[in-house]
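Here the structure comes first, spelled out in structure tokens, and everything after it is commentary.
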2 protein chains.
Amino acid sequence: MSRSTPAKIVLLVLDGLGGLPDPETGKTELETAKTPNLDALAASGVCGFSDPVGPGITPGSAPGHLALFGYDPVNSNIGRGVLEAVGIDFDLQPKDVAVRGNFCTVDEAGLISNRRAGRISTEKCAELCQLLDGLVINNVNIIVRPVRDHRFTAVFRGNGLSTGVSDSDPQQVGVAPNLITASSPADEKIARVANQFVAQAKLVLADHHPANMVLLRGFSQRPHFPTMADIYKLKPAAIASYPMYRGLARLVGMDVLEAGTSIEEEFRTLAQNYGDYDFFFVHVKGTDSAGEDGDFDRKVRTIEQVDRALPEITDLQPDVLVVTGDHSTPALLKAHSWHPVPVLLYSKWCRTDRVSEFSESACVQGGLGRFPATQIMPLAMANALKLTKFGA
Amino acid sequence: MSRSTPAKIVLLVLDGLGGLPDPETGKTELETAKTPNLDALAASGVCGFSDPVGPGITPGSAPGHLALFGYDPVNSNIGRGVLEAVGIDFDLQPKDVAVRGNFCTVDEAGLISNRRAGRISTEKCAELCQLLDGLVINNVNIIVRPVRDHRFTAVFRGNGLSTGVSDSDPQQVGVAPNLITASSPADEKIARVANQFVAQAKLVLADHHPANMVLLRGFSQRPHFPTMADIYKLKPAAIASYPMYRGLARLVGMDVLEAGTSIEEEFRTLAQNYGDYDFFFVHVKGTDSAGEDGDFDRKVRTIEQVDRALPEITDLQPDVLVVTGDHSTPALLKAHSWHPVPVLLYSKWCRTDRVSEFSESACVQGGLGRFPATQIMPLAMANALKLTKFGA
């Protein structure tokens with residue numbers, strides 16, 4: 001039902017956008033932020049709430065974004081390792097097993113005292129990755145690449161590798177890293193190799209406190225999705241400063257543009273490439289990071305920064321502009337949450353509602369109602385007049 | 001994704017809660033009732049509407065409750081006979097076939113004049129059940145037990161029994177009871193035995209006007225559901241004065257507590273057992289009974305009675321308190337109805353909305369929107385911080 005037209009769609013994702021009210025003011029982050037541009041857009045657009053996976057379900061970043069791109073987030077799950085690897089432009093081969101790594105700190109008893117090694121710098125991370133890169137265990141080559149801060153990706157390349165193994169990362173402090181265990185006899189090879197890799201990493205890193213150990217999670221292989229070009233007949237581009245979102249965009253067939261690191265640079269990148277694509281996914285990470293840090297004010301300021309930069313996008317007069325999040329990350333919870341996510345859709349054909357500000361309270365009254373996030377792409381396509389009629 | 005924590009969830013079900021406005025006042029039963037405690041809870045909580053089965057579908061009590069417990073009400077259907085049997089603590093065996101019975105009145109022509117025999121007393125019902133209990137037909141033992149008022153359960157115990165048969169209860173007056181017919185050759189044995197049971201019952205009851213006949217419906221065997229402990233890692237307890245709801249709670253693995261018969265006794269039971277469980281299903285029957293009787297004012301008074309007793313629950317400060325119904329039972333319709341059911345959820349993390357009274361009109365503006373009742377449990381679990389994140 002999709003058809004290619006010159007109309008352009010911009011999907012602006014403020015990661016972790018939804019929030020919870022500050023108990024003092026009764027206002028969420030989005031309600032606290034001064035957002036004249038978003039409010040004007042809400043007044044002429046139509047608003048509502050989306051559920052990325054389902055009511056009550058707290059989405060990870062991958063299912064949250066897959067839902068936004070129109071993919072069933074439950075049946076399209078992607079391992080964390082694959083996401084990290086693809087996100088640093090690593091050329092993942094079909095048989096490779098990728099895993100997400102953290103440098104972490106363990107005490108003298110071997111118990112984890114800091115799961116992120118105090119968030120070491122990306123430079124330090126790159127140095128340490130060089131120490132671990134290139135190990136060969138049981139004819140399996142292990143490639144180790146820095147991601148950002150304390151994060152790295154390890155790729156196991158060899159024959160007979162699979163992914164049915166547990167994580168070594170217990171996702172808590174005060175305990176030792178877990179032994180990686182196979183869930184079936186076929187998975188014993190990767191479990192054995194991965195455990196040996198961890199053991200060697202521990203020796204190599206012994207003198208590199210606070211980054212004196214590694215934690216691995218999300219052993220996974222590259223999935224095979226239909227692309228957004230296949231499904232929507234779009235020529236899509238991604239603008240994201242954080243690697244994982246670039247990787248995710250690549251898995252659904254987007255071109256990934258050089259984005260810079262600031263919101264302003266991202267929006268400038270959109271303007272500069274506006275003629276070359278008909279779909280743009282623009283990802284703002286700062287809202288989620290501030291939420292996860294429990295920094296209500298910084299999340300407010302990040303939203304205000306987006307609002308100030310917004311004319312760079314609206315001046316391009318995209319046929320459809322959607323502003324939403326991939327999930328909520330309330331600063332009060334310091335974590336992703338299950339709360340439905342504000343959605344704002346503007347197009348010439350959107351049938352506006354009475355909402356005149358972009359906020360959680362206002363979206364309750366929005367014309368879009370509450371709906372699964374997987375329906376955002378069909379809605380955007382429809383508003384761009386890119387969907388044909390269903391049935392005779 | 002469920003995890004066990006000390007947090008406690010209370011699900012307070014006012015059976016048949018939803019209503020329709022009195023044409024004179026324009027207010028529903030819930031809107032007419034003075035409910036300061038529920039209104040205060042609505043002001044700090046979040047409200048919305050649930051559809052137990054789907055828009056336009058009028059649910060029976062079993063699907064209504066199964067949906068509230070998070071089970072697909074369409075694919076988890078339970079026969080009425082099983083519900084009645086389990087609800088009186090009858091030890092139903094896997095091969096038993098249970099059926100719900102009514103004592104009824106037939107006239108001299110054999111036509112039903114009263115489907116409930118004028119609602120005979122429970123004592124009279126027990127007497128008559130003794131007359132029918134213990135029959136053996138074709139090597140099938142028939143066990144007959146009183147439930148309440150005119151209701152009884154008959155359990156057919158023997159080999160080769162199945163449930164593919166029609167009801168004898170035509171659910172109307174002025175006609176004769178139906179012959180029970182088999183839907184396949186495999187069902188002929190139970191059909192034959194049940195018809196003989198009905199024939200013998202008619203003879204035995206001939207002199208017991210108004211209870212001079214029986215009507216059977218809901219031939220069924222015990223289903224096998226995963227328990228709420230399996231699904232949610234909860235230790236659940238049920239507080240319900242009416243047998244069917246206790247039976248239903250047992251089928252999903254709840255402990256059934258001695259509840260007394262009044263709302264105040266039920267709430268007291270909750271308080272007394274509060275330390276021993278982390279999930280409580282509290283069932284109030286009076287709202288539905290009043291609705292079915294077409295007694296608008298009694299339904300109003302029952303809601304007000306719940307409201308007055310509510311502090312007994314809120315003083316316990318449960319982490320999550322949900323107040324809702326299993327379906328609507330408008331007094332104007334004197335029956336269950338398809339109308340969506342008001343839902344109120346309170347937790348510290350609920351993202352409150354602008355609703356400040358618990359009523360149908362106000363719930364339209366609620367932050368939960370309108371959603372399937374099966375999502376109430378995931379929402380409650382999320383608000384209790386008992387669900388882990390989905391995906392990386």
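Scheme for the structure tokens: letters A, B, ... for chains in order shown; per-chain residue numbers from 1; ligand numbers from 1 in order shown.
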
Please list as a list in words every residue within 6 Å of Trp349 of chain A, counting only C-alpha atoms and excluding residues in the same chain fewer than 2 positions away. Ser347, Arg351 and Asn383 of chain A

Exercise answer, chain A residues close to chain B, 7 Å and only C-alpha atoms, as a list in words: Leu20, Pro21, Pro55, Gly56, Ile57, Thr58, Pro59, Gly60, Ser61, Ala62, Pro63, Asn77, Gly79, Arg80, Trp338, Ser361, Val364, Gln365 and Arg370 of chain A

Written file, previous selection with C-alpha atoms, as a CSV table (one decimal), in the first residue's frame:
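As a result, result.csv now contains:
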```csv
chain,number,residue,atom,x,y,z
A,20,LEU,CA,6.7,12.1,35.9
A,21,PRO,CA,5.7,15.2,37.8
A,55,PRO,CA,0.7,-0.8,28.7
A,56,GLY,CA,2.9,-1.5,31.7
A,57,ILE,CA,5.8,-2.7,29.7
A,58,THR,CA,9.1,-0.8,30.1
A,59,PRO,CA,10.9,-0.9,26.8
A,60,GLY,CA,14.6,-1.1,26.2
A,61,SER,CA,16.1,1.3,23.6
A,62,ALA,CA,15.9,-1.3,20.8
A,63,PRO,CA,12.3,-2.3,21.1
A,77,ASN,CA,14.1,-8.3,19.2
A,79,GLY,CA,20.6,-8.6,20.9
A,80,ARG,CA,22.5,-5.8,22.6
A,338,TRP,CA,6.3,2.0,31.2
A,361,SER,CA,-1.4,16.4,30.6
A,364,VAL,CA,-4.4,13.0,27.4
A,365,GLN,CA,-6.9,15.2,25.5
A,370,ARG,CA,-3.6,6.3,23.0
```

Skipping near chain neighbours, those fewer than 6 positions away, what residues fall within 10 Å of His224 of chain A using only C-alpha atoms, listed as a count of residues only? 5

Can you list, as a VMD selection string, all residues belonging to segment 35-249 of chain A that DSSP tags as strand (DSSP E)? chain A and resid 46 to 51 97 to 106 112 to 114 135 to 137 140 to 148 151 to 157 213 to 220 236 to 240

Contacts of segment 166-178 of chain B at 9 Å or less, counting only C-alpha atoms, minus same-chain residues fewer than 6 places along, as an mmCIF file with all heavy atoms, in the first residue's frame?
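File written: result-v6.cif
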```cif
data_model
loop_
_atom_site.group_PDB
_atom_site.id
_atom_site.type_symbol
_atom_site.label_atom_id
_atom_site.label_comp_id
_atom_site.auth_asym_id
_atom_site.auth_seq_id
_atom_site.Cartn_x
_atom_site.Cartn_y
_atom_site.Cartn_z
ATOM 1 N N GLY B 101 -26.726 -25.852 38.133
ATOM 2 C CA GLY B 101 -28.153 -26.135 38.157
ATOM 3 C C GLY B 101 -28.944 -25.010 38.801
ATOM 4 O O GLY B 101 -28.457 -24.330 39.695
ATOM 5 N N ASN B 102 -30.129 -24.809 38.315
ATOM 6 C CA ASN B 102 -31.143 -23.973 38.985
ATOM 7 C C ASN B 102 -32.304 -24.873 39.373
ATOM 8 O O ASN B 102 -32.761 -25.668 38.540
ATOM 9 C CB ASN B 102 -31.748 -22.938 38.011
ATOM 10 C CG ASN B 102 -30.965 -21.657 37.932
ATOM 11 O OD1 ASN B 102 -29.818 -21.608 38.339
ATOM 12 N ND2 ASN B 102 -31.615 -20.628 37.380
ATOM 13 N N VAL B 106 -42.016 -25.334 37.069
ATOM 14 C CA VAL B 106 -42.721 -25.597 35.805
ATOM 15 C C VAL B 106 -44.217 -25.730 36.105
ATOM 16 O O VAL B 106 -44.613 -26.146 37.192
ATOM 17 C CB VAL B 106 -42.209 -26.878 35.098
ATOM 18 C CG1 VAL B 106 -40.784 -26.684 34.598
ATOM 19 C CG2 VAL B 106 -42.314 -28.096 35.995
ATOM 20 N N ALA B 109 -48.285 -27.896 32.347
ATOM 21 C CA ALA B 109 -47.942 -28.280 30.970
ATOM 22 C C ALA B 109 -46.445 -28.534 30.819
ATOM 23 O O ALA B 109 -45.974 -28.868 29.727
ATOM 24 C CB ALA B 109 -48.379 -27.181 30.004
ATOM 25 N N GLY B 110 -45.709 -28.345 31.935
ATOM 26 C CA GLY B 110 -44.251 -28.561 31.857
ATOM 27 C C GLY B 110 -43.491 -27.351 31.374
ATOM 28 O O GLY B 110 -42.290 -27.430 31.134
ATOM 29 N N LEU B 111 -44.177 -26.206 31.266
ATOM 30 C CA LEU B 111 -43.497 -24.989 30.802
ATOM 31 C C LEU B 111 -42.916 -24.224 32.002
ATOM 32 O O LEU B 111 -43.529 -24.174 33.079
ATOM 33 C CB LEU B 111 -44.475 -24.094 30.036
ATOM 34 C CG LEU B 111 -45.226 -24.774 28.875
ATOM 35 C CD1 LEU B 111 -46.098 -23.761 28.131
ATOM 36 C CD2 LEU B 111 -44.248 -25.453 27.924
ATOM 37 N N ILE B 112 -41.763 -23.634 31.811
ATOM 38 C CA ILE B 112 -41.082 -22.940 32.909
ATOM 39 C C ILE B 112 -41.840 -21.656 33.246
ATOM 40 O O ILE B 112 -42.061 -20.807 32.376
ATOM 41 C CB ILE B 112 -39.631 -22.575 32.510
ATOM 42 C CG1 ILE B 112 -38.848 -23.846 32.132
ATOM 43 C CG2 ILE B 112 -38.916 -21.834 33.643
ATOM 44 C CD1 ILE B 112 -37.571 -23.559 31.356
ATOM 45 N N SER B 113 -42.230 -21.527 34.522
ATOM 46 C CA SER B 113 -42.908 -20.288 34.918
ATOM 47 C C SER B 113 -41.969 -19.406 35.750
ATOM 48 O O SER B 113 -42.150 -18.198 35.810
ATOM 49 C CB SER B 113 -44.173 -20.591 35.705
ATOM 50 O OG SER B 113 -43.861 -21.370 36.848
ATOM 51 N N ASN B 114 -40.976 -19.978 36.380
ATOM 52 C CA ASN B 114 -39.998 -19.192 37.146
ATOM 53 C C ASN B 114 -38.648 -19.905 37.082
ATOM 54 O O ASN B 114 -38.525 -21.027 37.569
ATOM 55 C CB ASN B 114 -40.467 -19.020 38.605
ATOM 56 C CG ASN B 114 -39.597 -18.030 39.368
ATOM 57 O OD1 ASN B 114 -38.374 -18.116 39.328
ATOM 58 N ND2 ASN B 114 -40.236 -17.100 40.052
ATOM 59 N N ARG B 115 -37.649 -19.235 36.510
ATOM 60 C CA ARG B 115 -36.360 -19.896 36.294
ATOM 61 C C ARG B 115 -35.581 -20.089 37.585
ATOM 62 O O ARG B 115 -34.554 -20.783 37.593
ATOM 63 C CB ARG B 115 -35.508 -19.114 35.290
ATOM 64 C CG ARG B 115 -35.962 -19.287 33.845
ATOM 65 C CD ARG B 115 -34.987 -18.623 32.871
ATOM 66 N NE ARG B 115 -33.646 -19.142 33.028
ATOM 67 C CZ ARG B 115 -32.605 -18.435 33.506
ATOM 68 N NH1 ARG B 115 -32.767 -17.174 33.860
ATOM 69 N NH2 ARG B 115 -31.417 -18.995 33.629
ATOM 70 N N ALA B 191 -24.760 -36.811 27.408
ATOM 71 C CA ALA B 191 -26.099 -36.303 27.070
ATOM 72 C C ALA B 191 -27.175 -37.252 27.605
ATOM 73 O O ALA B 191 -28.161 -36.821 28.228
ATOM 74 C CB ALA B 191 -26.235 -36.143 25.558
ATOM 75 N N ASN B 195 -29.777 -36.306 30.607
ATOM 76 C CA ASN B 195 -31.226 -36.290 30.366
ATOM 77 C C ASN B 195 -31.961 -37.212 31.340
ATOM 78 O O ASN B 195 -33.041 -36.884 31.831
ATOM 79 C CB ASN B 195 -31.536 -36.693 28.915
ATOM 80 C CG ASN B 195 -31.320 -35.527 27.952
ATOM 81 O OD1 ASN B 195 -31.701 -34.394 28.246
ATOM 82 N ND2 ASN B 195 -30.695 -35.804 26.812
ATOM 83 N N VAL B 198 -32.165 -35.453 34.662
ATOM 84 C CA VAL B 198 -33.228 -34.444 34.656
ATOM 85 C C VAL B 198 -34.594 -35.117 34.818
ATOM 86 O O VAL B 198 -35.448 -34.655 35.599
ATOM 87 C CB VAL B 198 -33.181 -33.602 33.363
ATOM 88 C CG1 VAL B 198 -34.426 -32.717 33.259
ATOM 89 C CG2 VAL B 198 -31.910 -32.751 33.322
ATOM 90 N N VAL B 214 -35.534 -28.931 37.517
ATOM 91 C CA VAL B 214 -34.176 -28.382 37.474
ATOM 92 C C VAL B 214 -33.841 -27.932 36.050
ATOM 93 O O VAL B 214 -34.376 -28.455 35.071
ATOM 94 C CB VAL B 214 -33.109 -29.413 37.932
ATOM 95 C CG1 VAL B 214 -33.281 -29.780 39.390
ATOM 96 C CG2 VAL B 214 -33.128 -30.660 37.041
ATOM 97 N N LEU B 215 -32.952 -26.938 35.987
ATOM 98 C CA LEU B 215 -32.400 -26.472 34.703
ATOM 99 C C LEU B 215 -30.879 -26.574 34.795
ATOM 100 O O LEU B 215 -30.289 -26.152 35.791
ATOM 101 C CB LEU B 215 -32.792 -25.006 34.448
ATOM 102 C CG LEU B 215 -34.288 -24.719 34.317
ATOM 103 C CD1 LEU B 215 -34.539 -23.208 34.247
ATOM 104 C CD2 LEU B 215 -34.854 -25.428 33.083
ATOM 105 N N LEU B 216 -30.272 -27.152 33.768
ATOM 106 C CA LEU B 216 -28.813 -27.354 33.791
ATOM 107 C C LEU B 216 -28.154 -26.524 32.686
ATOM 108 O O LEU B 216 -28.682 -26.438 31.574
ATOM 109 C CB LEU B 216 -28.477 -28.836 33.568
ATOM 110 C CG LEU B 216 -29.090 -29.849 34.540
ATOM 111 C CD1 LEU B 216 -28.582 -31.261 34.225
ATOM 112 C CD2 LEU B 216 -28.794 -29.492 35.994
ATOM 113 N N ARG B 217 -27.008 -25.936 33.024
ATOM 114 C CA ARG B 217 -26.248 -25.245 31.969
ATOM 115 C C ARG B 217 -24.761 -25.244 32.293
ATOM 116 O O ARG B 217 -24.340 -25.320 33.445
ATOM 117 C CB ARG B 217 -26.735 -23.820 31.758
ATOM 118 C CG ARG B 217 -26.644 -22.914 32.957
ATOM 119 C CD ARG B 217 -27.269 -21.563 32.589
ATOM 120 N NE ARG B 217 -27.600 -20.799 33.763
ATOM 121 C CZ ARG B 217 -27.035 -19.634 34.080
ATOM 122 N NH1 ARG B 217 -26.096 -19.124 33.330
ATOM 123 N NH2 ARG B 217 -27.403 -18.986 35.172
ATOM 124 N N GLY B 218 -23.963 -25.175 31.240
ATOM 125 C CA GLY B 218 -22.521 -25.033 31.435
ATOM 126 C C GLY B 218 -21.823 -26.339 31.779
ATOM 127 O O GLY B 218 -21.000 -26.376 32.701
ATOM 128 N N PHE B 219 -22.096 -27.408 31.036
ATOM 129 C CA PHE B 219 -21.358 -28.667 31.236
ATOM 130 C C PHE B 219 -19.879 -28.400 30.946
ATOM 131 O O PHE B 219 -19.529 -27.902 29.870
ATOM 132 C CB PHE B 219 -21.875 -29.746 30.276
ATOM 133 C CG PHE B 219 -23.239 -30.270 30.613
ATOM 134 C CD1 PHE B 219 -24.385 -29.596 30.208
ATOM 135 C CD2 PHE B 219 -23.377 -31.440 31.363
ATOM 136 C CE1 PHE B 219 -25.653 -30.078 30.521
ATOM 137 C CE2 PHE B 219 -24.645 -31.933 31.674
ATOM 138 C CZ PHE B 219 -25.784 -31.248 31.260
#
```

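Of the residues listed (A:Leu205, A:Val74, A:Leu11, A:Ala42), A:Ala42 shows the shortest atom-to-atom separation from Glu360 of chain A; distances use only C-alpha atoms.
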
Mind checking DSSP for segment 91-161 of chain A and telling me the helix (DSSP H, G or I) residues as a list in words? Thr122, Glu123, Lys124, Cys125, Ala126, Glu127, Leu128, Cys129, Gln130, Leu131 and Leu132 of chain A

Compile the contact shell of Glu123 of chain A as an NGL selection string: residues with an atom at most 10 Å away, counting only C-alpha atoms, same-chain residues fewer than 2 positions apart removed. :A and (120-121 or 125-129 or 146 or 148-150)
